[in-house]
Amino acid sequence: MGITRLVAERSTCIRRKVGAVAVLNKRILATGYNGAPSGMADCFTKGCLRAELGIKSGERHEICRGLHAEQNVIIQAAIHGIALWGAELYCTNQPCAICSKMIINCGISLVHYAEPYPDPFAEAMLREAGIPCRPMS
């Protein structure tokens with residue numbers, strides 16, 4: 001989890017720094033942090049659209065310049081031809097519903113998180129898919 005927190009420090013989000021690390025057999029496969037797509041202006045430059053519109057945490061994920069850390073882990077693995085099937089995912093925050101759907105489809109087998117996130121639907125989706133989502137410090 002310490003590496004996950006270190007990865008989160010690269011975040012370009014001004015509201016919350018989130019990191020994620022995919023691991024298989026004690027080897028890091030890919031890392032990700034939340035922030036704007038490559039080559040795009042980030043929230044430090046453009047400002048936070050969610051803050052400007054008064055959007056609460058856990059709502060309207062599509063209204064954001066950034067990708068989530070979990071999404072970036074999956075994207076980085078895909079870019080480098082790394083399968084995540086059977087991997088464990090370590091996250092600074094519990095995944096949202098959008099990320100949970102992606103986690104299910106790429107075959108991640110277990111999610112560890114440090115801080116909860118207010119998304120009961122995400123929890124239900126992972127539970128239905130048989131993917132444990134465990135808090136850890």
# chains A, B, ... in the order shown; residues from 1 in each chain; ligands from 1

$ residues_around --residues "Thr12 of chain A" --least-positions-apart "4" --cutoff "9 Å" --atoms "only C-alpha atoms" --output "VMD selection string"
chain A and resid 16 to 17 33 to 36 42 to 44 66

$ write_last_selection --atoms "all heavy atoms" --output "short mmCIF file (atom, residue, chain, number, x, y, z; two decimals), in the first residue's frame"
data_model
loop_
_atom_site.label_atom_id
_atom_site.label_comp_id
_atom_site.auth_asym_id
_atom_site.auth_seq_id
_atom_site.Cartn_x
_atom_site.Cartn_y
_atom_site.Cartn_z
N ARG A 16 -8.51 15.29 -4.92
CA ARG A 16 -8.15 14.04 -4.23
C ARG A 16 -7.04 13.34 -5.01
O ARG A 16 -7.15 13.15 -6.21
CB ARG A 16 -9.39 13.13 -4.18
CG ARG A 16 -9.17 11.83 -3.47
CD ARG A 16 -10.36 10.90 -3.59
NE ARG A 16 -11.60 11.55 -3.23
CZ ARG A 16 -12.52 11.02 -2.44
NH1 ARG A 16 -12.35 9.85 -1.93
NH2 ARG A 16 -13.63 11.67 -2.18
N LYS A 17 -6.00 12.95 -4.31
CA LYS A 17 -4.90 12.19 -4.92
C LYS A 17 -5.16 10.71 -4.71
O LYS A 17 -5.26 10.25 -3.58
CB LYS A 17 -3.56 12.60 -4.31
CG LYS A 17 -3.16 14.01 -4.65
CD LYS A 17 -1.77 14.31 -4.14
CE LYS A 17 -1.30 15.67 -4.57
NZ LYS A 17 -1.07 15.81 -5.98
N TYR A 33 -2.49 6.68 -11.54
CA TYR A 33 -2.94 7.73 -10.63
C TYR A 33 -3.99 8.54 -11.36
O TYR A 33 -4.09 8.49 -12.58
CB TYR A 33 -1.78 8.62 -10.17
CG TYR A 33 -0.94 9.19 -11.28
CD1 TYR A 33 -1.28 10.40 -11.88
CD2 TYR A 33 0.18 8.51 -11.75
CE1 TYR A 33 -0.51 10.93 -12.91
CE2 TYR A 33 0.95 9.03 -12.77
CZ TYR A 33 0.61 10.23 -13.35
OH TYR A 33 1.36 10.74 -14.38
N ASN A 34 -4.79 9.29 -10.62
CA ASN A 34 -5.86 10.04 -11.26
C ASN A 34 -5.32 11.35 -11.83
O ASN A 34 -4.46 12.00 -11.23
CB ASN A 34 -7.03 10.28 -10.30
CG ASN A 34 -6.64 11.03 -9.04
OD1 ASN A 34 -5.54 10.87 -8.51
ND2 ASN A 34 -7.54 11.85 -8.53
N GLY A 35 -5.81 11.68 -13.00
CA GLY A 35 -5.39 12.91 -13.65
C GLY A 35 -5.85 12.97 -15.09
O GLY A 35 -6.42 12.02 -15.62
N ALA A 36 -5.56 14.10 -15.71
CA ALA A 36 -5.98 14.35 -17.10
C ALA A 36 -5.31 13.37 -18.07
O ALA A 36 -4.21 12.89 -17.80
CB ALA A 36 -5.64 15.79 -17.48
N ASP A 42 -4.25 19.79 -17.24
CA ASP A 42 -4.80 19.20 -16.02
C ASP A 42 -5.55 20.26 -15.20
O ASP A 42 -5.64 21.42 -15.59
CB ASP A 42 -3.70 18.53 -15.20
CG ASP A 42 -2.60 19.49 -14.79
OD1 ASP A 42 -2.89 20.66 -14.49
OD2 ASP A 42 -1.43 19.05 -14.77
N CYS A 43 -6.06 19.83 -14.08
CA CYS A 43 -6.86 20.73 -13.23
C CYS A 43 -6.03 21.84 -12.60
O CYS A 43 -6.57 22.88 -12.25
CB CYS A 43 -7.59 19.93 -12.16
SG CYS A 43 -8.84 18.83 -12.88
N PHE A 44 -4.72 21.62 -12.44
CA PHE A 44 -3.87 22.70 -11.92
C PHE A 44 -3.84 23.85 -12.93
O PHE A 44 -3.75 25.01 -12.55
CB PHE A 44 -2.44 22.20 -11.68
CG PHE A 44 -2.33 21.23 -10.53
CD1 PHE A 44 -1.82 19.96 -10.72
CD2 PHE A 44 -2.73 21.59 -9.25
CE1 PHE A 44 -1.71 19.07 -9.67
CE2 PHE A 44 -2.63 20.71 -8.19
CZ PHE A 44 -2.11 19.44 -8.40
N GLY A 66 -10.29 14.33 -15.59
CA GLY A 66 -9.36 13.25 -15.26
C GLY A 66 -9.91 11.85 -15.43
O GLY A 66 -11.12 11.62 -15.46
#

$ select_by_dssp --residues "segment 65-116 of chain A" --states "helix (DSSP H, G or I)" --output "list in words"
Ala69, Glu70, Gln71, Asn72, Val73, Ile74, Ile75, Gln76, Ala77, Ala78, Ile79, Ala97, Ile98, Cys99, Ser100, Lys101, Met102, Ile103, Ile104, Asn105 and Cys106 of chain A

$ closest_residue --among "A:Asn25, A:Ser100, A:Ser38, A:Thr4" --to "Glu123 of chain A" --atoms "only C-alpha atoms"
A:Ser100

$ closest_residue --among "A:Ala69, A:Ile98, A:Val23, A:Met136" --to "Glu115 of chain A" --atoms "only C-alpha atoms"
A:Met136

$ residues_around --residues "Ile74 of chain A" --least-positions-apart "4" --cutoff "8 Å" --atoms "only C-alpha atoms" --output "ChimeraX atom specification"
/A:30,70,78,84,102,106

$ write_last_selection --atoms "C-alpha atoms" --output "mmCIF file, in the first residue's frame"
data_model
loop_
_atom_site.group_PDB
_atom_site.id
_atom_site.type_symbol
_atom_site.label_atom_id
_atom_site.label_comp_id
_atom_site.auth_asym_id
_atom_site.auth_seq_id
_atom_site.Cartn_x
_atom_site.Cartn_y
_atom_site.Cartn_z
ATOM 1 C CA ALA A 30 1.171 -1.551 -13.773
ATOM 2 C CA GLU A 70 -7.835 2.279 -11.601
ATOM 3 C CA ALA A 78 -3.098 -2.632 -22.148
ATOM 4 C CA LEU A 84 -4.268 -8.320 -15.549
ATOM 5 C CA MET A 102 -13.591 -2.293 -15.646
ATOM 6 C CA CYS A 106 -10.184 -7.254 -17.028
#

$ closest_residue --among "A:Met40, A:Ile82, A:Ala77, A:Ala97" --to "His61 of chain A" --atoms "only C-alpha atoms"
A:Ala97

$ residues_around --residues "Ile63 of chain A" --least-positions-apart "6" --cutoff "10 Å" --atoms "only C-alpha atoms" --output "PDB file with N, CA, C and O atoms, in the first residue's frame"
ATOM      1  N   CYS A  48     -10.790  23.049 -11.690  1.00  0.00           N
ATOM      2  CA  CYS A  48     -11.614  21.856 -11.495  1.00  0.00           C
ATOM      3  C   CYS A  48     -13.056  22.143 -11.910  1.00  0.00           C
ATOM      4  O   CYS A  48     -13.762  22.912 -11.245  1.00  0.00           O
ATOM      5  N   LEU A  49     -13.486  21.516 -12.995  1.00  0.00           N
ATOM      6  CA  LEU A  49     -14.851  21.687 -13.490  1.00  0.00           C
ATOM      7  C   LEU A  49     -15.867  21.217 -12.451  1.00  0.00           C
ATOM      8  O   LEU A  49     -16.911  21.843 -12.255  1.00  0.00           O
ATOM      9  N   ARG A  50     -15.560  20.128 -11.759  1.00  0.00           N
ATOM     10  CA  ARG A  50     -16.486  19.586 -10.750  1.00  0.00           C
ATOM     11  C   ARG A  50     -16.693  20.595  -9.610  1.00  0.00           C
ATOM     12  O   ARG A  50     -17.806  20.795  -9.148  1.00  0.00           O
ATOM     13  N   LEU A  53     -18.834  23.524 -10.784  1.00  0.00           N
ATOM     14  CA  LEU A  53     -20.253  23.187 -10.925  1.00  0.00           C
ATOM     15  C   LEU A  53     -20.879  22.702  -9.616  1.00  0.00           C
ATOM     16  O   LEU A  53     -22.072  22.397  -9.579  1.00  0.00           O
ATOM     17  N   ILE A  55     -20.328  19.848  -7.993  1.00  0.00           N
ATOM     18  CA  ILE A  55     -20.662  18.421  -8.039  1.00  0.00           C
ATOM     19  C   ILE A  55     -20.029  17.720  -6.841  1.00  0.00           C
ATOM     20  O   ILE A  55     -18.831  17.858  -6.584  1.00  0.00           O
TER      21      ILE A  55
END

$ select_by_dssp --residues "chain A" --states "strand (DSSP E)" --output "mmCIF file with N, CA, C and O atoms, in the first residue's frame"
data_model
loop_
_atom_site.group_PDB
_atom_site.id
_atom_site.type_symbol
_atom_site.label_atom_id
_atom_site.label_comp_id
_atom_site.auth_asym_id
_atom_site.auth_seq_id
_atom_site.Cartn_x
_atom_site.Cartn_y
_atom_site.Cartn_z
ATOM 1 N N GLY A 19 -4.079 6.674 -6.020
ATOM 2 C CA GLY A 19 -3.121 5.811 -6.708
ATOM 3 C C GLY A 19 -3.622 4.384 -6.728
ATOM 4 O O GLY A 19 -4.431 3.980 -5.879
ATOM 5 N N ALA A 20 -3.140 3.624 -7.708
ATOM 6 C CA ALA A 20 -3.502 2.211 -7.821
ATOM 7 C C ALA A 20 -2.314 1.436 -8.387
ATOM 8 O O ALA A 20 -1.571 1.957 -9.232
ATOM 9 N N VAL A 21 -2.159 0.201 -7.913
ATOM 10 C CA VAL A 21 -1.067 -0.663 -8.362
ATOM 11 C C VAL A 21 -1.629 -2.065 -8.579
ATOM 12 O O VAL A 21 -2.268 -2.623 -7.679
ATOM 13 N N ALA A 22 -1.383 -2.631 -9.761
ATOM 14 C CA ALA A 22 -1.781 -4.008 -10.058
ATOM 15 C C ALA A 22 -0.587 -4.915 -9.792
ATOM 16 O O ALA A 22 0.533 -4.634 -10.247
ATOM 17 N N VAL A 23 -0.825 -6.012 -9.051
ATOM 18 C CA VAL A 23 0.236 -6.912 -8.624
ATOM 19 C C VAL A 23 -0.171 -8.354 -8.926
ATOM 20 O O VAL A 23 -1.325 -8.737 -8.712
ATOM 21 N N LEU A 24 0.777 -9.132 -9.411
ATOM 22 C CA LEU A 24 0.557 -10.564 -9.617
ATOM 23 C C LEU A 24 1.804 -11.295 -9.141
ATOM 24 O O LEU A 24 2.924 -10.951 -9.557
ATOM 25 N N ARG A 27 4.666 -9.203 -7.918
ATOM 26 C CA ARG A 27 5.342 -8.346 -8.905
ATOM 27 C C ARG A 27 4.394 -7.271 -9.388
ATOM 28 O O ARG A 27 3.238 -7.549 -9.723
ATOM 29 N N ILE A 28 4.888 -6.048 -9.458
ATOM 30 C CA ILE A 28 4.075 -4.937 -9.950
ATOM 31 C C ILE A 28 3.922 -5.061 -11.459
ATOM 32 O O ILE A 28 4.914 -5.164 -12.184
ATOM 33 N N LEU A 29 2.674 -5.054 -11.916
ATOM 34 C CA LEU A 29 2.383 -5.141 -13.346
ATOM 35 C C LEU A 29 2.179 -3.765 -13.967
ATOM 36 O O LEU A 29 2.608 -3.507 -15.085
ATOM 37 N N ALA A 30 1.476 -2.890 -13.251
ATOM 38 C CA ALA A 30 1.171 -1.551 -13.773
ATOM 39 C C ALA A 30 0.773 -0.660 -12.610
ATOM 40 O O ALA A 30 0.322 -1.141 -11.568
ATOM 41 N N THR A 31 0.944 0.637 -12.815
ATOM 42 C CA THR A 31 0.538 1.616 -11.813
ATOM 43 C C THR A 31 -0.329 2.677 -12.482
ATOM 44 O O THR A 31 -0.275 2.847 -13.701
ATOM 45 N N GLY A 32 -1.094 3.380 -11.675
ATOM 46 C CA GLY A 32 -1.918 4.465 -12.208
ATOM 47 C C GLY A 32 -2.263 5.464 -11.128
ATOM 48 O O GLY A 32 -2.284 5.131 -9.945
ATOM 49 N N TYR A 33 -2.488 6.681 -11.535
ATOM 50 C CA TYR A 33 -2.937 7.733 -10.629
ATOM 51 C C TYR A 33 -3.990 8.539 -11.358
ATOM 52 O O TYR A 33 -4.093 8.492 -12.584
ATOM 53 N N GLU A 88 -4.047 -8.774 -8.340
ATOM 54 C CA GLU A 88 -4.669 -8.057 -7.240
ATOM 55 C C GLU A 88 -4.443 -6.575 -7.471
ATOM 56 O O GLU A 88 -3.407 -6.172 -8.009
ATOM 57 N N LEU A 89 -5.427 -5.771 -7.080
ATOM 58 C CA LEU A 89 -5.328 -4.323 -7.253
ATOM 59 C C LEU A 89 -5.288 -3.658 -5.888
ATOM 60 O O LEU A 89 -6.146 -3.913 -5.040
ATOM 61 N N TYR A 90 -4.277 -2.830 -5.681
ATOM 62 C CA TYR A 90 -4.143 -2.044 -4.459
ATOM 63 C C TYR A 90 -4.506 -0.611 -4.814
ATOM 64 O O TYR A 90 -3.966 -0.054 -5.766
ATOM 65 N N CYS A 91 -5.425 -0.012 -4.048
ATOM 66 C CA CYS A 91 -5.910 1.344 -4.330
ATOM 67 C C CYS A 91 -5.901 2.171 -3.055
ATOM 68 O O CYS A 91 -6.207 1.662 -1.981
ATOM 69 N N THR A 92 -5.600 3.442 -3.195
ATOM 70 C CA THR A 92 -5.694 4.315 -2.029
ATOM 71 C C THR A 92 -7.146 4.513 -1.638
ATOM 72 O O THR A 92 -7.439 4.745 -0.470
ATOM 73 N N ASN A 93 -8.064 4.429 -2.598
ATOM 74 C CA ASN A 93 -9.495 4.601 -2.337
ATOM 75 C C ASN A 93 -10.277 3.445 -2.945
ATOM 76 O O ASN A 93 -9.900 2.918 -3.987
ATOM 77 N N LEU A 110 -8.888 -9.542 -6.862
ATOM 78 C CA LEU A 110 -9.018 -9.053 -5.491
ATOM 79 C C LEU A 110 -8.651 -7.574 -5.466
ATOM 80 O O LEU A 110 -7.696 -7.161 -6.139
ATOM 81 N N VAL A 111 -9.408 -6.790 -4.705
ATOM 82 C CA VAL A 111 -9.131 -5.359 -4.565
ATOM 83 C C VAL A 111 -8.865 -5.061 -3.097
ATOM 84 O O VAL A 111 -9.654 -5.433 -2.226
ATOM 85 N N HIS A 112 -7.735 -4.400 -2.838
ATOM 86 C CA HIS A 112 -7.390 -3.906 -1.515
ATOM 87 C C HIS A 112 -7.492 -2.386 -1.581
ATOM 88 O O HIS A 112 -7.041 -1.785 -2.548
ATOM 89 N N TYR A 113 -8.054 -1.758 -0.552
ATOM 90 C CA TYR A 113 -8.123 -0.296 -0.558
ATOM 91 C C TYR A 113 -7.840 0.248 0.832
ATOM 92 O O TYR A 113 -8.067 -0.417 1.841
ATOM 93 N N ALA A 114 -7.336 1.486 0.880
ATOM 94 C CA ALA A 114 -7.007 2.115 2.158
ATOM 95 C C ALA A 114 -8.155 2.945 2.707
ATOM 96 O O ALA A 114 -8.404 2.935 3.907
ATOM 97 N N GLU A 115 -8.864 3.668 1.850
ATOM 98 C CA GLU A 115 -9.943 4.548 2.306
ATOM 99 C C GLU A 115 -11.244 4.197 1.593
ATOM 100 O O GLU A 115 -11.249 3.951 0.389
ATOM 101 N N CYS A 133 -13.378 -7.143 -2.018
ATOM 102 C CA CYS A 133 -12.903 -5.760 -1.933
ATOM 103 C C CYS A 133 -12.632 -5.494 -0.456
ATOM 104 O O CYS A 133 -13.566 -5.344 0.326
ATOM 105 N N ARG A 134 -11.342 -5.488 -0.084
ATOM 106 C CA ARG A 134 -10.960 -5.503 1.324
ATOM 107 C C ARG A 134 -10.264 -4.214 1.755
ATOM 108 O O ARG A 134 -9.304 -3.800 1.124
ATOM 109 N N PRO A 135 -10.721 -3.668 2.874
ATOM 110 C CA PRO A 135 -10.006 -2.514 3.421
ATOM 111 C C PRO A 135 -8.692 -2.959 4.068
ATOM 112 O O PRO A 135 -8.581 -4.062 4.584
#

$ closest_residue --among "A:Thr45, A:Arg127, A:Ile104, A:Ala122" --to "Trp85 of chain A" --atoms "only C-alpha atoms"
A:Ile104

$ atom_distance --atom1 "atom CA of Ser137 of chain A" --atom2 "atom CA of Pro95 of chain A"
15.6 Å

$ residues_around --residues "Ser109 of chain A" --least-positions-apart "3" --cutoff "7 Å" --atoms "only C-alpha atoms" --output "list in words"
Gly86, Ala87, Glu88 and Ile131 of chain A

$ write_last_selection --atoms "N, CA and C atoms" --output "mmCIF file, in the first residue's frame"
data_model
loop_
_atom_site.group_PDB
_atom_site.id
_atom_site.type_symbol
_atom_site.label_atom_id
_atom_site.label_comp_id
_atom_site.auth_asym_id
_atom_site.auth_seq_id
_atom_site.Cartn_x
_atom_site.Cartn_y
_atom_site.Cartn_z
ATOM 1 N N GLY A 86 -6.306 -12.292 -12.984
ATOM 2 C CA GLY A 86 -5.823 -12.905 -11.762
ATOM 3 C C GLY A 86 -5.007 -11.982 -10.862
ATOM 4 N N ALA A 87 -4.745 -10.768 -11.297
ATOM 5 C CA ALA A 87 -3.954 -9.825 -10.500
ATOM 6 C C ALA A 87 -4.765 -9.277 -9.334
ATOM 7 N N GLU A 88 -4.047 -8.774 -8.340
ATOM 8 C CA GLU A 88 -4.669 -8.057 -7.240
ATOM 9 C C GLU A 88 -4.443 -6.575 -7.471
ATOM 10 N N ILE A 131 -15.588 -10.746 -6.587
ATOM 11 C CA ILE A 131 -14.278 -10.125 -6.387
ATOM 12 C C ILE A 131 -14.273 -9.472 -5.011
#
